[in-house]
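So the structure is just underneath, and the comments pick up after that.
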Number of protein chains: 4
Amino acid sequence: METAPMKDMQAEPDFRRIDIDKVGVKDISYPIVVLDKANEFQHTIAMVNMYVDLPHQFKGTHMSRFVEILNEYRGEVTIKNFPDILKEMKSRFEAGTAHLEVYFPYFIEKAAPVSKLKGLMEYKCKYTGSLSDELDIQIEVRVPVSTLCPCSKEISDRGAHNQRGEVKVAVRFDDFIWIEEIIETVEKSASSPVYSLLKRVDEKFVTEQAYDNPKFVEDIVRDVAVNIGGLKAIKWFRVEVENWESIHNHSAYAYVEKHV
Amino acid sequence: METAPMKDMQAEPDFRRIDIDKVGVKDISYPIVVLDKANEFQHTIAMVNMYVDLPHQFKGTHMSRFVEILNEYRGEVTIKNFPDILKEMKSRFEAGTAHLEVYFPYFIEKAAPVSKLKGLMEYKCKYTGSLSDELDIQIEVRVPVSTLCPCSKEISDRGAHNQRGEVKVAVRFDDFIWIEEIIETVEKSASSPVYSLLKRVDEKFVTEQAYDNPKFVEDIVRDVAVNIGGLKAIKWFRVEVENWESIHNHSAYAYVEKHV
Amino acid sequence: METAPMKDMQAEPDFRRIDIDKVGVKDISYPIVVLDKANEFQHTIAMVNMYVDLPHQFKGTHMSRFVEILNEYRGEVTIKNFPDILKEMKSRFEAGTAHLEVYFPYFIEKAAPVSKLKGLMEYKCKYTGSLSDELDIQIEVRVPVSTLCPCSKEISDRGAHNQRGEVKVAVRFDDFIWIEEIIETVEKSASSPVYSLLKRVDEKFVTEQAYDNPKFVEDIVRDVAVNIGGLKAIKWFRVEVENWESIHNHSAYAYVEKHV
Amino acid sequence: METAPMKDMQAEPDFRRIDIDKVGVKDISYPIVVLDKANEFQHTIAMVNMYVDLPHQFKGTHMSRFVEILNEYRGEVTIKNFPDILKEMKSRFEAGTAHLEVYFPYFIEKAAPVSKLKGLMEYKCKYTGSLSDELDIQIEVRVPVSTLCPCSKEISDRGAHNQRGEVKVAVRFDDFIWIEEIIETVEKSASSPVYSLLKRVDEKFVTEQAYDNPKFVEDIVRDVAVNIGGLKAIKWFRVEVENWESIHNHSAYAYVEKHV
């Protein structure tokens with residue numbers, strides 16, 4: 001075993017005849033800057049996965065190059081330069097396909113419905129991209145919502161069970177679309193949005209709003225499907241709704257996927 | 001470097017003069033059998049941590065012995081033989097103190113309030129024990145509940161926000177106490193219990209029951225404290241309540257600890 | 001609002017013209033019994049998801065029926081009666097497609113390589129099934145392994161970094177296949193298996209075995225692909241390998257999917 | 001039920017005679033700015049818990065005030081203004097004790113040992129503070145490390161099992177101390193630090209460094225205890241070490257707590 005020049009094990013040939021679909025680094029925690037409709041840019045912390053394909057004749061991948069590429073784009077990982085990062089990956093690894101997944105929390109200042117006091121709401125987002133001959137990019141957003149059960153309202157003499165739920169929407173798009181637009185579209189499809197800061201006048205408002213908008217998990221998945229599908233920029237979507245039922249110890253769930 | 005006899009590195013002396021409070025194995029997934037009030041025994045899957053102290057003059061611990069002890073008690077890890085396992089650990093390691101933590105899901109058949117249809121409810125439990133000169137054992141149970149906000153009910157013309165919450169109770173006790181008793185005591189202190197199986201007649205019942213029993217997180221922590229503290233067997237308790245607010249994206253939380 | 005007869009809200013018509021791909025219950029914790037090669041049956045605790053499709057003209061699903069079906073099969077949820085449960089779901093909901101997902105820990109008694117002492121190893125498993133006109137069933141198993149880096153061994157004068165990794169294999173199959181066969185096939189494809197109980201003679205053995213079998217994440221995904229693909233019963237597989245690198249704070253990852 | 005003036009339910013009297021130790025908001029995700037030794041300030045995302053005590057005669061807490069206080073300090077939540085936030089909480093709630101917990105990832109640029117290439121390492125941190133008559137503040141840092149087993153090295157003819165581990169250190173202090181100092185102290189106490197970016201020359205270096213520094217979990221907890229205890233600013237510490245064993249499917253664990 002020698003020191004210099006070190007043998008490049010990864011560049012050795014391989015004879016098992018198995019193409020690897022994806023190989024790379026996973027769960028890199030990394031501070032990034034993303035686009036923000038209200039403030040131009042927003043600092044956040046991402047979890048990053050980066051993969052390329054590896055044809056059967058090559059033994060290994062030079063994993064450190066993924067981190068080097070990420071370091072070059074540290075200042076900005078946005079939906080706008082996502083294709084550039086994928087191109088850089090494809091070229092540096094001489095790969096047929098490059099894959100990039102970036103999970104991050106995104107914050108929006110949101111006013112309470114009556115007092116108009118502002119608070120920060122967190123929405124968990126994900127950019128997913130792959131580039132082979134074609135580029136394929138998805139934006140995914142998780143929107144917490146409040147849902148109130150129509151059956152419970154109908155059959156009960158008073159009250160109706162309600163709970164926090166989460167709507168997870170993934171979209172493919174023809175034109176640029178803000179995360180903010182997706183969130184607004186989802187929030188208006190729920191029994192009521194949720195907020196980070198509510199005073200008593202607001203609490204009265206959202207309680208009555210939810211009571212006046214009872215929706216099954218089926219209603220929410222459909223209303224989000226109709227409303228997201230109605231956005232001009234969208235060409236494909238997947239909607240998942242999960243209600244953390246307040247009367248059960250499990251969730252109600254609904255799923256729709258659709259080309260528009 | 002030789003094979004036989006192998007050097008016992010762990011038995012070497014140590015000169016750093018640092019007593020180790022706890023050393024051992026953590027996160028062992030293990031099938032166990034626990035006591036069950038209705039069915040005598042119940043099969044479940046535990047996550048197990050086992051530690052002993054290590055005086056400053058010893059270099060290391062023989063970790064495989066923890067697993068060997070666990071294997072001996074595979075058939076049964078109950079609150080009744082918990083002291084025996086601790087004694088066995090203390091003796092086998094010649095330790096001053098032995099610690100054992102066992103997390104497991106526990107299932108109880110629970111009838112819906114009106115239809116009386118039965119379903120299985122899961123309650124996450126934990127036994128914690130340590131044995132030095134004295135034996136100290138705690139039972140902890142997490143009980144999912146439904147909570148309805150008194151303020152929201154009071155100020156709203158219709159409806160009231162409610163949500164799933166979790167009451168976590170830990171107890172020290174003078175006499176044997178069933179997990180079932182702790183759970184019943186918690187469930188009667190909530191706005192309403194939660195269930196795994198509810199038909200429409202039951203859904204109406206629990207909706208109205210919760211609406212008629214509005215409770216802040218503060219009310220629930222106090223009612224559980226009063227009711228658990230009133231059980232004859234209990235000499236100490238800790239109660240934590242967390243509400244996954246349906247109008248917010250964060251939780252409301254309350255905590256009380258008390259010797260009785 | 002009246003009590004009797006209660007209105008069946010879910011049975012109402014819907015006019016949004018959105019077919020729902022999946023609707024049902026998610027994250028039901030449930031004790032089940034599965035097949036065990038060595039002991040015939042094994043008690044375990046599952047996390048269960050149950051969904052059906054819902055054509056656009058129907059408003060909602062009767063969620064409690066999922067739990068009722070699950071209760072009927074409480075005694076046994078195996079790969080053998082999985083089709084029966086799916087048929088029952090499809091029929092009871094008059095659905096076009098039924099989906100069932102069951103996650104559970106599975107335990108196998110495994111002897112240490114030299115001392116032959118026995119310990120229990122946990123393997124996280126998942127059965128996934130859907131039934132429309134055709135039946136589609138997958139078994140997924142997560143196998144913890146030890147991996148040793150060939151590059152680190154080659155370039156270093158002494159030692160080589162190694163770490164715990166996890167191989168996740170999903171298979172579709174023509175004939176019945178035991179979970180045990182999948183696990184054995186994966187374990188022989190790693191640098192070394194991992195164990196729950198090892199004495200010093202065993203530790204020496206597995207240390208040297210791993211050092212003599214250096215494998216990149218790329219090697220393991222390929223060796224598992226070759227070996228799983230070579231099993232007669234298998235008609236499709238997906239292999240993912242993740243190494244929790246001991247020299248990094250992130251993972252190395254590789255992925256292969258293939259029809260055989 | 002009336003709208004104006006709305007009844008202040010929380011201000012009502014309570015007669016259960018149970019003082020609540022902690023009540024407040026939990027798991028608020030929030031972007032904050034913290035002190036950074038190299039760059040003055042660092043943007044990160046925190047998870048925040050805020051509690052006060054509630055004497056037995058009061059029914060409830062005005063939860064929205066916690067979020068209002070947090071909004072006021074949005075620009076900066078550092079170890080330097082932590083006491084101010086606690087004072088503000090204590091005063092606004094007229095509380096006997098205020099509690100604040102802030103979890104956040106912290107990033108440090110770290111050069112590889114030979115190539116000197118720079119990469120970003122993430123360290124999970126936590127500030128915990130409480131203020132009654134006295135102020136009590138802790139800093140907690142989780143440092144990923146590489147650990148190599150002395151027993152495995154001693155008894156094996158070649159190689160030695162090693163793995164990623166995590167050292168969690170909490171400290172109370174008399175003087176200001178940088179997170180960076182705690183991290184450096186921990187990293188020099190491990191078999192080797194871990195890095196985000198390593199080239200082949202670095203990989204050789206860290207492999208041999210770890211092989212030359214074999215340490216049991218007991219050794220690491222003691223070396224960290226000696227080294228952290230030796231820092232002038234520290235008056236109390238708690239050290240936990242967890243090794244995700246590469247030869248087992250569970251962890252080795254050690255714990256020391258000490259006043260200096």
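Starting from 1 in every chain, residues are counted up; chains themselves are A, B, ... following the order of the structure tokens, and ligands are numbered from 1 as listed.
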
Inset, instruction - Give me the residues within 8 Å of D:Arg17 as a list of chain:residue names, counting only C-alpha atoms and dropping any in the same chain fewer than 3 places off. - result: D:Asp14, D:His56, D:Gln57

May I have the residues from that selection written out with N, CA and C atoms, as an mmCIF file, in the first residue's frame?
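Written file, part_34.cif:
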```cif
data_model
loop_
_atom_site.group_PDB
_atom_site.id
_atom_site.type_symbol
_atom_site.label_atom_id
_atom_site.label_comp_id
_atom_site.auth_asym_id
_atom_site.auth_seq_id
_atom_site.Cartn_x
_atom_site.Cartn_y
_atom_site.Cartn_z
ATOM 1 N N ASP D 14 -59.375 29.854 39.341
ATOM 2 C CA ASP D 14 -59.375 28.386 39.326
ATOM 3 C C ASP D 14 -59.314 27.874 40.758
ATOM 4 N N HIS D 56 -51.770 28.460 41.063
ATOM 5 C CA HIS D 56 -53.010 27.670 41.090
ATOM 6 C C HIS D 56 -54.280 28.493 40.952
ATOM 7 N N GLN D 57 -54.255 29.798 41.345
ATOM 8 C CA GLN D 57 -55.502 30.554 41.341
ATOM 9 C C GLN D 57 -55.921 31.084 39.969
#
```

Inset, instruction - Taking the chain letters and numbering used in this document, name the residues of stretch 1-154 of chain C that DSSP puts in strand (DSSP E or B), as a PyMOL selection string. - result: chain C and resi 13+20-36+40-54+58+98-111+118-131+135-148

Inset, instruction - Identify every residue of chain A that has at least one atom within 8 Å of any atom of chain D, counting only C-alpha atoms, and report the result as a ChimeraX atom specification. - result: /A:6,29-31,43-45,64,67-68,71,107,119-120,122,196-200

Inset, instruction - Excluding B:Asn49 and residues on its chain fewer than 5 positions from it, collect all residues at most 6 Å away from it, counting only C-alpha atoms, and give them as an NGL selection string. - result: :B and (25-27 or 100-101)

Legend entry - Atomic distance atom CA of C:Lys110 - atom CA of B:Glu72, expressed in Å with one decimal: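 A separation of 15.5 Å between them.
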
Inset, instruction - Please identify all polymer residues within 12 Å of C:Lys90, counting only C-alpha atoms, omitting same-chain residues fewer than 4 positions from it, and present them as a list of chain:residue names. - result: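 So the residues in contact are C:Met50, C:Tyr51, C:Val52, C:Asp53, C:Leu54, C:Arg65, C:Phe66, C:Ile69, C:Pro83, C:Asp84, C:Ile85, C:Leu86, C:Glu94, C:Ala95, C:Gly96, C:Thr97, C:Ala98, C:His99, C:Leu100, C:Ser130, C:Leu131, C:Ser132, C:Asp133, C:Glu134, C:Leu135.
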
Any chance you can output those residues with N, CA, C and O atoms as a short mmCIF file (atom, residue, chain, number, x, y, z; two decimals), in the first residue's frame?
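See selection.cif below for the written result:
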```cif
data_model
loop_
_atom_site.label_atom_id
_atom_site.label_comp_id
_atom_site.auth_asym_id
_atom_site.auth_seq_id
_atom_site.Cartn_x
_atom_site.Cartn_y
_atom_site.Cartn_z
N MET C 50 -54.73 1.69 4.72
CA MET C 50 -55.73 1.01 3.88
C MET C 50 -56.47 2.05 3.04
O MET C 50 -57.08 2.97 3.59
N TYR C 51 -56.43 1.88 1.73
CA TYR C 51 -57.07 2.85 0.83
C TYR C 51 -57.89 2.14 -0.24
O TYR C 51 -57.57 1.02 -0.63
N VAL C 52 -58.90 2.82 -0.73
CA VAL C 52 -59.58 2.41 -1.97
C VAL C 52 -59.68 3.63 -2.88
O VAL C 52 -59.43 4.76 -2.45
N ASP C 53 -60.02 3.40 -4.14
CA ASP C 53 -60.29 4.55 -5.01
C ASP C 53 -61.74 4.99 -4.79
O ASP C 53 -62.56 4.23 -4.26
N LEU C 54 -62.05 6.21 -5.18
CA LEU C 54 -63.42 6.71 -5.04
C LEU C 54 -63.79 7.44 -6.33
O LEU C 54 -63.25 8.50 -6.62
N ARG C 65 -65.25 1.32 8.08
CA ARG C 65 -65.25 -0.03 7.51
C ARG C 65 -63.83 -0.58 7.35
O ARG C 65 -63.62 -1.79 7.41
N PHE C 66 -62.88 0.31 7.12
CA PHE C 66 -61.49 -0.16 7.02
C PHE C 66 -61.07 -0.82 8.33
O PHE C 66 -60.47 -1.89 8.35
N ILE C 69 -62.68 -4.19 8.81
CA ILE C 69 -62.02 -5.26 8.04
C ILE C 69 -60.72 -5.68 8.73
O ILE C 69 -60.44 -6.87 8.90
N PRO C 83 -53.99 -11.24 -0.34
CA PRO C 83 -55.00 -11.10 -1.42
C PRO C 83 -56.43 -11.16 -0.90
O PRO C 83 -57.30 -10.45 -1.41
N ASP C 84 -56.68 -11.96 0.14
CA ASP C 84 -58.04 -12.06 0.68
C ASP C 84 -58.48 -10.74 1.32
O ASP C 84 -59.62 -10.32 1.18
N ILE C 85 -57.55 -10.11 2.02
CA ILE C 85 -57.90 -8.84 2.66
C ILE C 85 -58.19 -7.79 1.59
O ILE C 85 -59.16 -7.03 1.69
N LEU C 86 -57.38 -7.77 0.55
CA LEU C 86 -57.60 -6.82 -0.55
C LEU C 86 -58.96 -7.07 -1.22
O LEU C 86 -59.70 -6.14 -1.55
N GLU C 94 -67.09 -1.63 -2.71
CA GLU C 94 -67.47 -1.61 -4.14
C GLU C 94 -66.49 -0.74 -4.91
O GLU C 94 -66.87 0.13 -5.70
N ALA C 95 -65.19 -0.99 -4.67
CA ALA C 95 -64.15 -0.14 -5.22
C ALA C 95 -63.51 -0.77 -6.45
O ALA C 95 -63.56 -1.99 -6.63
N GLY C 96 -62.94 0.06 -7.29
CA GLY C 96 -62.21 -0.43 -8.46
C GLY C 96 -60.83 -0.95 -8.07
O GLY C 96 -60.31 -1.90 -8.65
N THR C 97 -60.24 -0.32 -7.06
CA THR C 97 -58.91 -0.71 -6.60
C THR C 97 -58.83 -0.61 -5.09
O THR C 97 -59.35 0.34 -4.49
N ALA C 98 -58.16 -1.57 -4.48
CA ALA C 98 -57.91 -1.54 -3.03
C ALA C 98 -56.40 -1.57 -2.81
O ALA C 98 -55.67 -2.23 -3.55
N HIS C 99 -55.94 -0.83 -1.81
CA HIS C 99 -54.52 -0.74 -1.49
C HIS C 99 -54.32 -1.05 -0.01
O HIS C 99 -55.06 -0.55 0.83
N LEU C 100 -53.29 -1.83 0.27
CA LEU C 100 -52.99 -2.18 1.66
C LEU C 100 -51.49 -2.11 1.87
O LEU C 100 -50.72 -2.67 1.08
N SER C 130 -51.86 -4.09 -3.99
CA SER C 130 -53.04 -3.43 -4.55
C SER C 130 -53.75 -4.42 -5.45
O SER C 130 -53.14 -5.30 -6.07
N LEU C 131 -55.06 -4.31 -5.45
CA LEU C 131 -55.89 -5.20 -6.26
C LEU C 131 -56.89 -4.39 -7.05
O LEU C 131 -57.72 -3.67 -6.49
N SER C 132 -56.75 -4.44 -8.37
CA SER C 132 -57.80 -3.89 -9.25
C SER C 132 -58.27 -5.09 -10.07
O SER C 132 -58.81 -6.03 -9.49
N ASP C 133 -58.09 -5.09 -11.37
CA ASP C 133 -58.35 -6.34 -12.11
C ASP C 133 -57.21 -7.31 -11.82
O ASP C 133 -57.38 -8.51 -11.81
N GLU C 134 -56.04 -6.73 -11.60
CA GLU C 134 -54.88 -7.55 -11.29
C GLU C 134 -54.40 -7.33 -9.86
O GLU C 134 -54.64 -6.29 -9.27
N LEU C 135 -53.71 -8.33 -9.39
CA LEU C 135 -53.14 -8.27 -8.04
C LEU C 135 -51.67 -7.93 -8.15
O LEU C 135 -50.95 -8.50 -8.96
#
```

Legend entry - Nearest to A:Asn213, chosen from A:Arg92, A:Lys37, A:His259, A:Lys153, with only C-alpha atoms counted in the distances: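 Smallest separation from A:Asn213 among the options: A:Lys153.
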
Legend entry - Nearest to C:Val167 by atom-to-atom distance, counting only C-alpha atoms, from C:Val224, C:Cys125, C:Val241, C:Val48: C:Val241

Legend entry - helix (DSSP H, G or I) call set, DSSP backbone run, stretch 39-131 of chain A, as a PyMOL selection string: chain A and resi 64-72+82-92

Please, could you write that set of residues out with N, CA, C and O atoms as a CSV table (one decimal), in the first residue's frame?
```
chain,number,residue,atom,x,y,z
A,64,SER,N,-16.9,13.1,-3.5
A,64,SER,CA,-16.6,14.5,-3.0
A,64,SER,C,-17.0,15.5,-4.0
A,64,SER,O,-17.2,16.7,-3.6
A,65,ARG,N,-17.1,15.1,-5.3
A,65,ARG,CA,-17.5,16.2,-6.3
A,65,ARG,C,-18.9,16.7,-6.1
A,65,ARG,O,-19.1,17.9,-6.4
A,66,PHE,N,-19.8,15.9,-5.5
A,66,PHE,CA,-21.1,16.4,-5.2
A,66,PHE,C,-21.0,17.6,-4.3
A,66,PHE,O,-21.7,18.6,-4.5
A,67,VAL,N,-20.2,17.4,-3.2
A,67,VAL,CA,-20.2,18.4,-2.2
A,67,VAL,C,-19.5,19.6,-2.8
A,67,VAL,O,-19.8,20.8,-2.4
A,68,GLU,N,-18.5,19.4,-3.6
A,68,GLU,CA,-17.8,20.6,-4.3
A,68,GLU,C,-18.8,21.4,-5.1
A,68,GLU,O,-18.8,22.6,-5.1
A,69,ILE,N,-19.7,20.7,-5.9
A,69,ILE,CA,-20.7,21.4,-6.7
A,69,ILE,C,-21.6,22.2,-5.8
A,69,ILE,O,-21.9,23.4,-6.0
A,70,LEU,N,-22.1,21.5,-4.7
A,70,LEU,CA,-23.0,22.2,-3.7
A,70,LEU,C,-22.3,23.5,-3.2
A,70,LEU,O,-22.9,24.5,-3.1
A,71,ASN,N,-21.0,23.3,-2.8
A,71,ASN,CA,-20.3,24.5,-2.3
A,71,ASN,C,-20.3,25.7,-3.3
A,71,ASN,O,-20.4,26.8,-2.9
A,72,GLU,N,-20.2,25.4,-4.5
A,72,GLU,CA,-20.2,26.5,-5.5
A,72,GLU,C,-21.5,27.2,-5.6
A,72,GLU,O,-21.5,28.4,-5.9
A,82,PHE,N,-31.8,25.9,-10.6
A,82,PHE,CA,-31.9,24.5,-10.4
A,82,PHE,C,-31.4,23.8,-11.7
A,82,PHE,O,-30.6,22.8,-11.6
A,83,PRO,N,-31.8,24.2,-12.9
A,83,PRO,CA,-31.3,23.5,-14.1
A,83,PRO,C,-29.8,23.7,-14.2
A,83,PRO,O,-29.1,22.7,-14.7
A,84,ASP,N,-29.2,24.8,-13.8
A,84,ASP,CA,-27.8,25.0,-13.9
A,84,ASP,C,-27.0,24.0,-13.0
A,84,ASP,O,-26.0,23.4,-13.4
A,85,ILE,N,-27.5,23.8,-11.8
A,85,ILE,CA,-26.8,22.9,-10.9
A,85,ILE,C,-26.9,21.4,-11.5
A,85,ILE,O,-25.9,20.7,-11.5
A,86,LEU,N,-28.0,21.1,-12.0
A,86,LEU,CA,-28.2,19.8,-12.7
A,86,LEU,C,-27.2,19.6,-13.9
A,86,LEU,O,-26.6,18.6,-14.0
A,87,LYS,N,-27.1,20.7,-14.7
A,87,LYS,CA,-26.2,20.6,-15.8
A,87,LYS,C,-24.8,20.4,-15.4
A,87,LYS,O,-24.0,19.6,-15.9
A,88,GLU,N,-24.4,21.2,-14.3
A,88,GLU,CA,-23.1,21.1,-13.8
A,88,GLU,C,-22.8,19.6,-13.3
A,88,GLU,O,-21.7,19.1,-13.5
A,89,MET,N,-23.8,19.0,-12.6
A,89,MET,CA,-23.6,17.7,-12.1
A,89,MET,C,-23.5,16.7,-13.3
A,89,MET,O,-22.6,15.9,-13.3
A,90,LYS,N,-24.3,16.8,-14.3
A,90,LYS,CA,-24.3,15.9,-15.4
A,90,LYS,C,-22.9,16.0,-16.1
A,90,LYS,O,-22.3,15.0,-16.5
A,91,SER,N,-22.4,17.3,-16.3
A,91,SER,CA,-21.2,17.5,-17.0
A,91,SER,C,-20.0,17.0,-16.1
A,91,SER,O,-19.1,16.3,-16.6
A,92,ARG,N,-19.9,17.4,-14.9
A,92,ARG,CA,-18.8,17.0,-14.0
A,92,ARG,C,-18.6,15.5,-13.9
A,92,ARG,O,-17.5,15.0,-13.8
```

Inset, instruction - Measuring atom to atom with only C-alpha atoms, identify which of D:Pro150, D:Tyr195, D:Ala254, D:Lys126 is nearest to D:Asp212. - result: D:Pro150

Legend entry - B:Ile20 environment, 10 Å, only C-alpha atoms, sequence neighbours closer than 2 positions dropped, as a list in words: Arg17, Ile18, Lys22, Val23, Val52, Asp53, Leu54, Pro55, His56, Phe58 and Gly60 of chain B; Glu218, Asp219, Val221, Arg222, Ala225, Val239, Ala254, Tyr255, Val256 and Glu257 of chain D

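If you look at atom CA of B:Tyr103 and atom CA of B:Tyr127, they are 6.6 Å away from each other.
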
Inset, instruction - Would you mind telling me which residue in B:Gln10, B:Gln163, B:Ser156, B:Thr185 lies nearest to B:Thr61 when using only C-alpha atoms? - result: B:Gln10

Inset, instruction - Would you work out the distance separating atom CA of C:Arg238 from atom CA of C:Glu184, expressed in Å to one decimal? - result: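 Going from atom CA of C:Arg238 over to atom CA of C:Glu184, I get 16.5 Å.
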
Inset, instruction - Extract, using only C-alpha atoms, all DNA, RNA and protein residues at most 10 Å from C:Lys188, discarding same-chain residues fewer than 2 positions from it, and format them as a ChimeraX atom specification. - result: /C:145,183-186,190-193,220,223-224,227

Legend entry - For B:Ile108, the nearest of the candidates B:Asn249, B:Asn162, B:Ser189, B:Asn39, counting only C-alpha atoms: B:Asn39

Legend entry - Selection near D:Ile177, 10 Å with only C-alpha atoms, sequence-local residues under 2 positions removed, as a PyMOL selection string: chain D and resi 79+139+171-175+179-182+231-234
